[in-house]
$ cat structure.csv   # CSV, C-alpha atoms
chain,number,residue,atom,x,y,z
Z,27,MET,CA,15.2,20.6,-7.9
Z,28,GLY,CA,15.1,24.2,-8.9
Z,29,ARG,CA,12.3,26.6,-8.7
Z,30,VAL,CA,10.7,28.9,-11.3
Z,31,GLY,CA,9.4,32.4,-10.8
Z,32,ARG,CA,6.2,32.6,-8.8
Z,33,PRO,CA,3.2,34.6,-10.0
Z,34,GLY,CA,2.2,37.6,-8.0
Z,35,LYS,CA,-0.7,37.4,-5.5
Z,36,GLY,CA,-4.1,37.2,-7.2
Z,37,THR,CA,-2.6,36.5,-10.7
Z,38,MET,CA,-2.8,33.3,-12.7
Z,39,GLU,CA,0.2,31.4,-13.9
Z,40,ARG,CA,0.3,29.5,-17.1
Z,41,ILE,CA,2.4,26.3,-17.4
Z,42,GLY,CA,2.6,23.3,-19.7
Z,43,ALA,CA,2.4,20.4,-17.4
Z,44,LEU,CA,1.3,20.2,-13.7
Z,45,VAL,CA,1.6,17.2,-11.4
Z,46,ILE,CA,-0.1,17.4,-8.1
Z,47,GLY,CA,1.4,15.0,-5.5
Z,48,ALA,CA,5.1,14.0,-5.2
Z,49,GLY,CA,4.7,10.4,-4.2
Z,50,PRO,CA,5.8,7.5,-6.4
Z,51,ALA,CA,2.9,7.9,-8.9
Z,52,GLY,CA,3.4,11.7,-9.2
Z,53,LEU,CA,7.2,11.5,-9.5
Z,54,MET,CA,6.9,8.8,-12.2
Z,55,ALA,CA,4.3,10.9,-14.1
Z,56,ALA,CA,6.8,13.8,-14.0
Z,57,GLU,CA,9.5,11.5,-15.3
Z,58,ALA,CA,7.4,10.3,-18.2
Z,59,LEU,CA,6.7,14.0,-19.1
Z,60,GLY,CA,10.3,14.9,-18.8
Z,61,ALA,CA,11.3,11.9,-21.0
Z,62,ALA,CA,9.1,13.4,-23.7
Z,63,GLY,CA,10.9,16.7,-23.4
Z,64,ILE,CA,8.2,18.4,-21.3
Z,65,PRO,CA,9.4,19.7,-17.9
Z,66,ALA,CA,6.7,19.4,-15.3
Z,67,VAL,CA,5.9,21.5,-12.2
Z,68,ILE,CA,5.2,19.2,-9.2
Z,69,ALA,CA,3.0,20.7,-6.5
Z,70,GLU,CA,3.5,18.9,-3.1
Z,71,ALA,CA,1.5,19.7,0.1
Z,72,LYS,CA,4.3,18.5,2.4
Z,73,ALA,CA,7.7,20.1,2.9
Z,74,ALA,CA,9.5,17.3,1.1
Z,75,PRO,CA,8.6,14.7,-1.6
Z,76,ALA,CA,7.7,11.1,-1.2
Z,77,ARG,CA,7.4,11.0,2.6
Z,78,LYS,CA,5.3,7.8,2.6
Z,79,PHE,CA,7.7,6.2,0.2
Z,80,LEU,CA,10.6,7.0,2.5
Z,81,MET,CA,8.7,5.6,5.5
Z,82,ALA,CA,7.9,2.4,3.7
Z,83,GLY,CA,11.6,2.0,2.8
Z,84,LYS,CA,13.0,2.4,6.3
Z,85,SER,CA,13.0,-1.4,6.9
Z,86,GLY,CA,13.6,-2.5,3.4
Z,87,LEU,CA,12.0,-1.0,0.3
Z,88,ASN,CA,9.9,-3.8,-1.4
Z,89,LEU,CA,9.9,-2.5,-5.0
Z,90,THR,CA,8.1,-5.3,-6.8
Z,91,ARG,CA,7.6,-9.1,-7.0
Z,92,ALA,CA,9.4,-11.6,-9.2
Z,93,GLU,CA,6.8,-14.1,-10.3
Z,94,PRO,CA,5.0,-15.0,-13.6
Z,95,PHE,CA,3.1,-12.0,-14.9
Z,96,ASP,CA,-0.4,-13.7,-14.8
Z,97,ALA,CA,0.2,-14.7,-11.2
Z,98,PHE,CA,1.4,-11.1,-10.4
Z,99,LEU,CA,-1.7,-9.7,-12.0
Z,100,THR,CA,-4.1,-11.7,-9.9
Z,101,ALA,CA,-3.1,-9.7,-6.8
Z,102,TYR,CA,-5.2,-6.8,-8.1
Z,103,ALA,CA,-8.5,-8.8,-8.2
Z,104,GLU,CA,-11.3,-7.1,-10.1
Z,105,ALA,CA,-9.1,-4.1,-11.0
Z,106,ALA,CA,-6.7,-6.4,-12.9
Z,107,PRO,CA,-8.3,-5.9,-16.3
Z,108,ASN,CA,-8.0,-2.1,-16.0
Z,109,LEU,CA,-4.4,-2.2,-14.7
Z,110,ARG,CA,-3.2,-4.9,-17.1
Z,111,PRO,CA,-2.0,-2.7,-20.0
Z,112,MET,CA,-0.2,-0.4,-17.6
Z,113,LEU,CA,1.5,-3.3,-15.8
Z,114,GLU,CA,2.4,-4.9,-19.1
Z,115,ALA,CA,4.1,-1.7,-20.1
Z,116,PHE,CA,5.8,-1.2,-16.7
Z,117,GLY,CA,5.7,-4.3,-14.6
Z,118,PRO,CA,8.2,-6.1,-12.4
Z,119,ASP,CA,11.0,-6.5,-15.0
Z,120,GLN,CA,10.7,-2.8,-15.9
Z,121,VAL,CA,10.7,-1.7,-12.3
Z,122,CYS,CA,13.9,-3.6,-11.7
Z,123,ALA,CA,15.5,-2.1,-14.8
Z,124,TRP,CA,14.4,1.4,-13.8
Z,125,ALA,CA,15.9,1.1,-10.3
Z,126,GLU,CA,19.2,-0.2,-11.7
Z,127,GLY,CA,19.2,2.6,-14.2
Z,128,LEU,CA,19.2,5.0,-11.2
Z,129,GLY,CA,22.3,3.2,-9.9
Z,130,GLN,CA,20.4,1.0,-7.4
Z,131,PRO,CA,21.1,-2.7,-7.9
Z,132,VAL,CA,18.3,-5.0,-6.8
Z,133,PHE,CA,18.0,-8.5,-5.5
Z,134,THR,CA,15.2,-11.0,-5.1
Z,135,GLY,CA,14.5,-12.6,-1.7
Z,136,SER,CA,13.4,-16.1,-1.1
Z,137,THR,CA,9.7,-15.2,-1.3
Z,138,GLY,CA,10.1,-13.4,-4.6
Z,139,ARG,CA,10.1,-9.9,-3.2
Z,140,VAL,CA,12.5,-7.6,-4.9
Z,141,PHE,CA,14.5,-5.0,-2.9
Z,142,PRO,CA,17.3,-2.5,-3.7
Z,143,ARG,CA,20.6,-3.8,-2.3
Z,144,ALA,CA,20.8,-0.7,-0.2
Z,145,MET,CA,17.6,-1.9,1.5
Z,146,LYS,CA,16.5,1.7,1.9
Z,147,ALA,CA,14.4,4.2,-0.1
Z,148,SER,CA,16.5,7.3,0.4
Z,149,PRO,CA,19.4,6.5,-2.0
Z,150,LEU,CA,16.9,5.6,-4.8
Z,151,LEU,CA,14.8,8.7,-4.1
Z,152,ARG,CA,17.9,11.0,-4.2
Z,153,ALA,CA,19.0,9.5,-7.6
Z,154,TRP,CA,15.4,9.8,-8.9
Z,155,LEU,CA,15.2,13.5,-7.9
Z,156,ARG,CA,18.5,14.2,-9.6
Z,157,ARG,CA,17.1,12.7,-12.8
Z,158,LEU,CA,14.0,14.8,-12.6
Z,159,ASP,CA,16.1,17.9,-12.0
Z,160,ARG,CA,18.1,17.2,-15.1
Z,161,GLN,CA,14.8,17.0,-17.0
Z,162,GLY,CA,13.9,20.4,-15.8
Z,163,THR,CA,11.2,19.3,-13.3
Z,164,THR,CA,10.4,21.9,-10.7
Z,165,LEU,CA,9.1,21.0,-7.2
Z,166,ARG,CA,7.0,23.4,-5.2
Z,167,ALA,CA,6.7,22.3,-1.6
Z,168,ARG,CA,3.9,23.2,0.8
Z,169,TRP,CA,1.5,23.8,-2.1
Z,170,HIS,CA,-1.8,22.5,-1.0
Z,171,TRP,CA,-4.3,21.7,-3.7
Z,172,THR,CA,-7.7,23.3,-2.9
Z,173,GLY,CA,-9.6,22.3,-6.1
Z,174,PHE,CA,-10.7,23.4,-9.5
Z,175,ASP,CA,-12.0,26.8,-10.5
Z,176,GLY,CA,-13.2,26.6,-14.0
Z,177,ASP,CA,-10.1,25.8,-16.1
Z,178,THR,CA,-7.7,26.7,-13.4
Z,179,VAL,CA,-6.3,24.7,-10.5
Z,180,ARG,CA,-6.2,26.4,-7.0
Z,181,PHE,CA,-3.6,26.1,-4.3
Z,182,ALA,CA,-3.0,27.4,-0.8
Z,183,THR,CA,0.7,28.2,-0.5
Z,184,PRO,CA,3.0,29.9,2.0
Z,185,GLU,CA,2.8,33.0,-0.2
Z,186,GLY,CA,-1.0,32.9,-0.2
Z,187,PRO,CA,-3.6,31.6,-2.7
Z,188,ARG,CA,-2.4,30.8,-6.2
Z,189,ALA,CA,-4.1,29.8,-9.4
Z,190,VAL,CA,-2.5,27.8,-12.2
Z,191,LEU,CA,-3.7,27.2,-15.7
Z,192,ALA,CA,-1.9,24.1,-17.1
Z,193,GLY,CA,-1.9,22.5,-20.5
Z,194,VAL,CA,-2.2,19.1,-18.8
Z,195,THR,CA,-2.7,18.2,-15.1
Z,196,ILE,CA,-2.0,14.9,-13.4
Z,197,LEU,CA,-3.5,14.3,-10.0
Z,198,ALA,CA,-1.5,11.8,-7.9
Z,199,LEU,CA,-2.7,12.7,-4.4
Z,200,GLY,CA,-2.6,9.2,-2.9
Z,201,GLY,CA,-5.3,7.4,-0.9
Z,202,ALA,CA,-6.7,8.2,2.5
Z,203,SER,CA,-4.2,6.7,5.0
Z,204,TRP,CA,-1.2,8.0,6.8
Z,205,ALA,CA,-2.4,11.6,6.8
Z,206,ARG,CA,0.7,12.9,8.5
Z,207,LEU,CA,2.7,11.8,5.5
Z,208,GLY,CA,0.4,13.4,3.0
Z,209,SER,CA,-2.2,10.9,2.0
Z,210,ASP,CA,-5.4,12.2,3.7
Z,211,GLY,CA,-8.1,11.7,1.0
Z,212,ARG,CA,-9.2,15.3,1.4
Z,213,TRP,CA,-9.1,15.6,-2.4
Z,214,ALA,CA,-12.3,13.5,-2.7
Z,215,ASP,CA,-14.8,16.4,-2.3
Z,216,ALA,CA,-13.1,18.5,-4.9
Z,217,VAL,CA,-13.0,15.7,-7.4
Z,218,ALA,CA,-16.6,14.6,-6.6
Z,219,ALA,CA,-17.6,18.2,-7.3
Z,220,GLN,CA,-16.6,17.7,-10.9
Z,221,GLY,CA,-19.3,15.0,-11.2
Z,222,VAL,CA,-16.7,12.2,-10.8
Z,223,PRO,CA,-18.0,9.0,-9.1
Z,224,LEU,CA,-16.1,7.7,-6.1
Z,225,ALA,CA,-16.1,4.5,-4.2
Z,226,PRO,CA,-16.0,4.9,-0.4
Z,227,PHE,CA,-12.5,4.6,1.2
Z,228,ALA,CA,-11.8,1.5,3.2
Z,229,PRO,CA,-8.7,0.3,5.0
Z,230,ALA,CA,-6.5,-2.2,3.1
Z,231,ASN,CA,-3.3,-3.9,4.3
Z,232,VAL,CA,-4.3,-3.0,7.9
Z,233,GLY,CA,-4.0,-4.7,11.3
Z,234,LEU,CA,-6.8,-6.1,13.4
Z,235,ARG,CA,-8.0,-4.7,16.7
Z,236,VAL,CA,-7.9,-7.3,19.5
Z,237,ASP,CA,-9.1,-6.7,23.1
Z,238,TRP,CA,-6.4,-8.7,24.9
Z,239,SER,CA,-6.6,-10.2,28.3
Z,240,PRO,CA,-4.0,-8.8,30.8
Z,241,PRO,CA,-1.7,-11.9,30.6
Z,242,MET,CA,-1.1,-11.1,26.9
Z,243,ALA,CA,0.8,-7.9,27.7
Z,244,ARG,CA,4.1,-9.8,28.1
Z,245,HIS,CA,3.9,-11.0,24.6
Z,246,PHE,CA,3.5,-7.6,22.9
Z,247,GLY,CA,6.0,-7.2,20.2
Z,248,GLN,CA,6.6,-10.9,19.7
Z,249,PRO,CA,6.5,-12.1,16.1
Z,250,VAL,CA,4.3,-15.1,15.2
Z,251,LYS,CA,6.0,-17.5,12.8
Z,252,GLY,CA,5.1,-20.9,11.4
Z,253,VAL,CA,1.4,-20.3,11.2
Z,254,ALA,CA,-1.1,-20.5,8.4
Z,255,LEU,CA,-4.1,-18.2,8.3
Z,256,ARG,CA,-7.5,-18.4,6.5
Z,257,ALA,CA,-10.3,-15.9,6.1
Z,258,GLY,CA,-13.6,-17.5,5.8
Z,259,ASN,CA,-13.6,-20.3,3.2
Z,260,GLY,CA,-10.6,-18.9,1.4
Z,261,PRO,CA,-7.2,-20.6,0.9
Z,262,TRP,CA,-4.7,-21.0,3.7
Z,263,HIS,CA,-2.0,-18.4,3.6
Z,264,ARG,CA,1.3,-18.5,5.4
Z,265,GLY,CA,2.8,-15.3,6.6
Z,266,GLU,CA,4.3,-13.7,9.7
Z,267,PHE,CA,2.6,-11.2,11.9
Z,268,VAL,CA,3.2,-9.5,15.3
Z,269,ILE,CA,1.3,-9.5,18.6
Z,270,SER,CA,1.0,-5.8,19.6
Z,271,ALA,CA,-0.8,-3.8,22.3
Z,272,ARG,CA,-3.3,-2.7,19.6
Z,273,GLY,CA,-3.9,-6.2,18.1
Z,274,LEU,CA,-2.4,-8.2,15.3
Z,275,GLU,CA,-0.3,-6.6,12.6
Z,276,GLY,CA,2.0,-7.7,9.8
Z,277,GLY,CA,2.1,-9.2,6.3
Z,278,GLY,CA,0.3,-12.4,7.3
Z,279,ILE,CA,-2.7,-10.3,8.4
Z,280,TYR,CA,-2.5,-7.7,5.7
Z,281,ALA,CA,-2.8,-10.4,3.0
Z,282,LEU,CA,-6.3,-11.2,4.3
Z,283,SER,CA,-7.4,-7.7,5.1
Z,284,ARG,CA,-10.0,-7.4,2.3
Z,285,SER,CA,-11.8,-10.6,3.3
Z,286,LEU,CA,-11.6,-9.7,7.0
Z,287,ARG,CA,-12.8,-6.2,6.3
Z,288,GLU,CA,-15.8,-7.7,4.5
Z,289,GLY,CA,-16.7,-9.8,7.6
Z,290,ALA,CA,-15.0,-13.2,7.0
Z,291,PRO,CA,-14.0,-15.0,10.2
Z,292,LEU,CA,-10.2,-15.5,10.8
Z,293,VAL,CA,-8.8,-18.9,11.6
Z,294,ALA,CA,-5.2,-19.9,12.4
Z,295,ASP,CA,-3.5,-23.3,12.0
Z,296,LEU,CA,-0.8,-23.2,14.6
Z,297,LEU,CA,0.9,-26.3,13.2
Z,298,PRO,CA,0.4,-26.2,9.4
Z,299,ASP,CA,3.1,-28.9,8.8
Z,300,TRP,CA,1.4,-31.4,11.2
Z,301,THR,CA,-1.5,-33.6,10.4
Z,302,PRO,CA,-4.6,-33.5,12.7
Z,303,GLU,CA,-3.8,-37.1,13.6
Z,304,LYS,CA,-0.3,-36.2,14.7
Z,305,VAL,CA,-1.5,-33.3,16.8
Z,306,ALA,CA,-4.2,-35.5,18.5
Z,307,ASP,CA,-1.6,-38.2,19.1
Z,308,ARG,CA,0.8,-35.8,20.8
Z,309,LEU,CA,-1.9,-34.3,23.0
Z,310,ALA,CA,-3.1,-37.8,24.1
Z,311,ARG,CA,0.2,-38.4,25.8
Z,312,PRO,CA,0.0,-38.5,29.6
Z,313,ARG,CA,0.1,-35.0,31.1
Z,314,GLY,CA,1.2,-35.9,34.6
Z,315,LYS,CA,1.5,-33.0,36.9
Z,316,ALA,CA,2.4,-30.5,34.2
Z,317,SER,CA,0.2,-27.5,33.8
Z,318,LEU,CA,-1.9,-27.3,30.6
Z,319,SER,CA,0.4,-24.6,29.1
Z,320,ASN,CA,3.5,-26.7,29.8
Z,321,HIS,CA,1.8,-29.8,28.4
Z,322,LEU,CA,0.9,-27.9,25.2
Z,323,ARG,CA,4.4,-26.5,24.9
Z,324,LYS,CA,6.1,-29.8,25.3
Z,325,ALA,CA,3.7,-32.0,23.4
Z,326,LEU,CA,3.3,-29.6,20.4
Z,327,GLY,CA,6.6,-27.8,20.5
Z,328,LEU,CA,4.8,-24.4,20.5
Z,329,ASP,CA,6.9,-21.3,21.0
Z,330,PRO,CA,5.7,-18.7,23.5
Z,331,ALA,CA,3.9,-16.6,20.8
Z,332,ARG,CA,1.8,-19.5,19.3
Z,333,LEU,CA,1.2,-20.9,22.8
Z,334,ALA,CA,-0.1,-17.5,24.0
Z,335,LEU,CA,-2.5,-17.3,21.1
Z,336,LEU,CA,-3.8,-20.8,21.7
Z,337,MET,CA,-4.4,-20.1,25.4
Z,338,GLU,CA,-5.9,-16.7,24.7
Z,339,PHE,CA,-8.5,-17.7,22.2
Z,340,ALA,CA,-9.2,-21.2,23.3
Z,341,ARG,CA,-10.2,-20.0,26.7
Z,342,ARG,CA,-12.8,-17.7,25.1
Z,343,LEU,CA,-14.6,-20.5,23.4
Z,344,PRO,CA,-17.3,-22.8,24.9
Z,345,GLU,CA,-15.9,-25.8,26.7
Z,346,GLY,CA,-15.8,-29.0,24.9
Z,347,ALA,CA,-13.8,-28.0,21.8
Z,348,PRO,CA,-10.9,-30.5,21.6
Z,349,LEU,CA,-7.5,-28.8,21.8
Z,350,ALA,CA,-6.2,-30.8,18.9
Z,351,THR,CA,-8.9,-29.3,16.7
Z,352,LEU,CA,-8.2,-25.8,18.0
Z,353,ALA,CA,-4.5,-26.1,17.4
Z,354,LYS,CA,-5.3,-26.8,13.7
Z,355,ALA,CA,-8.2,-24.3,13.4
Z,356,LEU,CA,-8.1,-21.7,16.1
Z,357,PRO,CA,-10.8,-19.0,15.7
Z,358,ILE,CA,-9.1,-15.6,16.1
Z,359,ARG,CA,-11.7,-13.2,17.6
Z,360,HIS,CA,-11.0,-9.5,16.8
Z,361,ALA,CA,-12.8,-6.2,16.8
Z,362,GLY,CA,-12.3,-5.4,13.1
Z,363,PRO,CA,-9.6,-3.6,11.2
Z,364,ARG,CA,-7.6,-0.7,12.7
Z,365,PRO,CA,-8.7,2.8,11.7
Z,366,LEU,CA,-8.4,4.0,8.1
Z,367,ASP,CA,-5.5,6.3,8.8
Z,368,GLU,CA,-3.4,3.4,10.2
Z,369,ALA,CA,-3.8,1.3,7.1
Z,370,ILE,CA,-0.8,0.9,4.8
Z,371,SER,CA,-3.1,1.5,1.8
Z,372,THR,CA,-6.7,2.1,1.1
Z,373,ALA,CA,-9.4,0.7,-1.1
Z,374,GLY,CA,-11.9,3.0,-2.8
Z,375,GLY,CA,-11.3,6.2,-4.7
Z,376,VAL,CA,-12.2,7.3,-8.2
Z,377,CYS,CA,-14.2,4.6,-10.0
Z,378,TRP,CA,-12.7,3.2,-13.2
Z,379,GLN,CA,-15.7,4.3,-15.3
Z,380,ALA,CA,-14.7,7.9,-14.6
Z,381,VAL,CA,-11.5,7.6,-16.6
Z,382,ASP,CA,-10.7,6.6,-20.1
Z,383,GLY,CA,-8.0,4.1,-21.2
Z,384,ASP,CA,-5.3,6.7,-20.7
Z,385,LEU,CA,-6.5,7.4,-17.1
Z,386,MET,CA,-7.9,10.8,-18.2
Z,387,LEU,CA,-11.0,12.0,-16.4
Z,388,THR,CA,-13.9,12.0,-18.9
Z,389,ALA,CA,-15.6,14.7,-16.9
Z,390,ARG,CA,-12.5,16.9,-17.1
Z,391,PRO,CA,-10.5,16.4,-20.3
Z,392,GLY,CA,-6.8,17.3,-19.8
Z,393,THR,CA,-6.8,16.0,-16.3
Z,394,TRP,CA,-5.4,12.5,-15.5
Z,395,LEU,CA,-5.3,10.3,-12.4
Z,396,ALA,CA,-2.5,8.0,-11.1
Z,397,GLY,CA,-1.7,5.8,-8.1
Z,398,GLU,CA,-4.0,5.2,-5.1
Z,399,MET,CA,-6.5,7.8,-6.1
Z,400,LEU,CA,-8.0,5.2,-8.4
Z,401,ASP,CA,-10.2,2.4,-6.9
Z,402,TRP,CA,-7.9,-0.6,-6.7
Z,403,GLU,CA,-6.1,-2.4,-3.9
Z,404,ALA,CA,-3.5,-5.1,-3.6
Z,405,PRO,CA,-1.6,-6.9,-0.8
Z,406,THR,CA,1.9,-5.7,0.3
Z,407,GLY,CA,4.8,-7.5,-1.3
Z,408,GLY,CA,5.7,-5.2,-4.2
Z,409,TYR,CA,2.3,-5.0,-5.8
Z,410,LEU,CA,1.3,-1.6,-4.4
Z,411,LEU,CA,4.4,0.3,-5.5
Z,412,THR,CA,4.6,-1.4,-8.9
Z,413,ALA,CA,1.0,-0.3,-9.7
Z,414,CYS,CA,1.6,3.3,-8.5
Z,415,LEU,CA,4.7,3.5,-10.7
Z,416,ALA,CA,2.9,1.9,-13.7
Z,417,THR,CA,-0.1,4.2,-13.5
Z,418,GLY,CA,2.0,7.3,-13.0
Z,419,ARG,CA,4.1,6.4,-16.1
Z,420,TRP,CA,1.0,5.7,-18.1
Z,421,ALA,CA,-0.7,8.9,-17.2
Z,422,GLY,CA,2.4,11.0,-17.7
Z,423,ALA,CA,3.0,9.5,-21.2
Z,424,ALA,CA,-0.6,10.1,-22.2
Z,425,ALA,CA,-0.5,13.7,-21.0
Z,426,ALA,CA,2.7,14.3,-22.9
Z,427,ARG,CA,1.1,12.9,-26.1
Z,428,ARG,CA,-1.9,15.2,-25.7
Z,429,LEU,CA,0.2,18.3,-25.0
Z,430,GLN,CA,2.5,17.5,-28.0
Z,431,ALA,CA,-0.5,17.1,-30.3
Z,432,SER,CA,-2.0,20.4,-29.0
Z,433,CYS,CA,1.3,22.2,-29.7
Z,434,ALA,CA,1.5,20.6,-33.2
Z,435,ARG,CA,-1.9,22.0,-34.1
Z,436,MET,CA,-0.9,25.6,-33.1
$ encode --input "structure.csv" --output "structure tokens"
Amino acid sequence: MGRVGRPGKGTMERIGALVIGAGPAGLMAAEALGAAGIPAVIAEAKAAPARKFLMAGKSGLNLTRAEPFDAFLTAYAEAAPNLRPMLEAFGPDQVCAWAEGLGQPVFTGSTGRVFPRAMKASPLLRAWLRRLDRQGTTLRARWHWTGFDGDTVRFATPEGPRAVLAGVTILALGGASWARLGSDGRWADAVAAQGVPLAPFAPANVGLRVDWSPPMARHFGQPVKGVALRAGNGPWHRGEFVISARGLEGGGIYALSRSLREGAPLVADLLPDWTPEKVADRLARPRGKASLSNHLRKALGLDPARLALLMEFARRLPEGAPLATLAKALPIRHAGPRPLDEAISTAGGVCWQAVDGDLMLTARPGTWLAGEMLDWEAPTGGYLLTACLATGRWAGAAAARRLQASCARM
């Protein structure tokens, strides 16, 4: 992307459209503005755009989810009614068409997850930035937003403090996780100073801390497959996860992170395709001289990872619990979620009552929000990225309409 002339030190620059944050929500807001013929200036605190997006796409960029819309919408829980119009306008089908319009064909995996065929974020991002460049979008790297000063927006830049007066401003500063990639939540104080209500940040899609016994060290890095998990009295959920030195991590855990964060106990069914009667029958077979672990391995066909979990957590329970029962409902004791900055995403942020239907701040007309700054959360699996893109597009289109209407009145 090109650059425009910078104002001198201590002066104020006037521009039409300003987007703060160059993640997926911010880039999509800029694209919506550009599609309306309004070239945006994007201010990004990091040296390059979309760093978290690129990190997420290193092992396969999960763009969205192919499933019936109503089922897709339920992933957003109580935020679904607020997000519904945005996702109806730019949901899974539109995300796929958008990616393919950038020259990135997509495919749907067996679980309904949709990926670009390149299985990386970088080719899509390069094509996206080229589109924005053609629209006249300008990217200013290492511009750190420091807050509002009356009608102006303030930045700390490599050239010193800068002030910008924009016709419309879109904030897309992310949540409060992965600070090294740009989402640090430091914007909260500046937004709250405008009288905007915020919900406290909390980790979402995050691993669990577990204080392992020494024998578990040899299993660090092993994936756990063929297991069903349940948080509290919720439904059983199948998903893989990994035993790590820090605890348990992966999609199977992330899907339950909200309930676990709120204190629900975690239980694992190590043999979800077996009936309790079958498990009891297999364990009733003569053990002979085999050790307990060998007996469990042979009788139940447990792989090393599932066997390790059974031995680790069963030994921490009071004696008398039948192994057959534990194999079907093993309490997983943990020390709570990993720290906020290690979460893939965050709950909390600007409360929905602070914005109107266009995502404009009612306390600051002419300023919109997009992406994870808003108080919503969703599991991994394409839901996060789709909502970031949808809210960015919605805010950008609304800002373009306001700016066009303002110009028409002049």
$ closest_residue --input "structure.csv" --among "Z:Arg435, Z:Arg77, Z:Arg91, Z:Arg313" --to "Thr406 in chain Z" --atoms "only C-alpha atoms"
Z:Arg91
$ closest_atom_pairs --input "structure.csv" --of "range 175-213 of chain Z" --to "range 414-421 of chain Z" --cutoff "10 Å" --atoms "all atoms listed in the file" --output "tab-separated table"
residue	atom	partner	partner_atom	distance
Z:Thr195	CA	Z:Ala421	CA	9.7
Z:Ile196	CA	Z:Ala421	CA	7.2
Z:Leu197	CA	Z:Gly418	CA	9.4
Z:Ala198	CA	Z:Gly418	CA	7.6
Z:Gly200	CA	Z:Cys414	CA	9.2
$ residues_around --input "structure.csv" --residues "Leu199 in chain Z" --least-positions-apart "3" --cutoff "8 Å" --atoms "only C-alpha atoms" --output "MDAnalysis selection string"
chainID Z and resid 46:49 52 209 211 213 397:399
$ residues_around --input "structure.csv" --residues "Glu368 in chain Z" --least-positions-apart "2" --cutoff "10 Å" --atoms "only C-alpha atoms" --output "PyMOL selection string"
chain Z and resi 202-205+229-233+363-366+370-372
$ residues_near_point --input "structure.csv" --point "(3.9, 20.7, -1.2)" --cutoff "9 Å" --atoms "all atoms listed in the file" --output "list in words"
Ile46, Gly47, Ala48, Ile68, Ala69, Glu70, Ala71, Lys72, Ala73, Ala74, Pro75, Leu165, Arg166, Ala167, Arg168, Trp169, His170, Trp171 and Thr183 of chain Z
$ residues_around --input "structure.csv" --residues "Ala424 in chain Z" --least-positions-apart "6" --cutoff "12 Å" --atoms "all atoms listed in the file" --output "tab-separated table (two decimals) with C-alpha atoms, in the frame of the given file"
chain	number	residue	atom	x	y	z
Z	43	ALA	CA	2.40	20.40	-17.40
Z	55	ALA	CA	4.30	10.90	-14.10
Z	56	ALA	CA	6.80	13.80	-14.00
Z	58	ALA	CA	7.40	10.30	-18.20
Z	59	LEU	CA	6.70	14.00	-19.10
Z	62	ALA	CA	9.10	13.40	-23.70
Z	112	MET	CA	-0.20	-0.40	-17.60
Z	194	VAL	CA	-2.20	19.10	-18.80
Z	195	THR	CA	-2.70	18.20	-15.10
Z	196	ILE	CA	-2.00	14.90	-13.40
Z	382	ASP	CA	-10.70	6.60	-20.10
Z	383	GLY	CA	-8.00	4.10	-21.20
Z	384	ASP	CA	-5.30	6.70	-20.70
Z	385	LEU	CA	-6.50	7.40	-17.10
Z	386	MET	CA	-7.90	10.80	-18.20
Z	391	PRO	CA	-10.50	16.40	-20.30
Z	392	GLY	CA	-6.80	17.30	-19.80
Z	393	THR	CA	-6.80	16.00	-16.30
Z	394	TRP	CA	-5.40	12.50	-15.50
Z	395	LEU	CA	-5.30	10.30	-12.40
Z	396	ALA	CA	-2.50	8.00	-11.10
Z	417	THR	CA	-0.10	4.20	-13.50
Z	418	GLY	CA	2.00	7.30	-13.00
Z	430	GLN	CA	2.50	17.50	-28.00
Z	431	ALA	CA	-0.50	17.10	-30.30
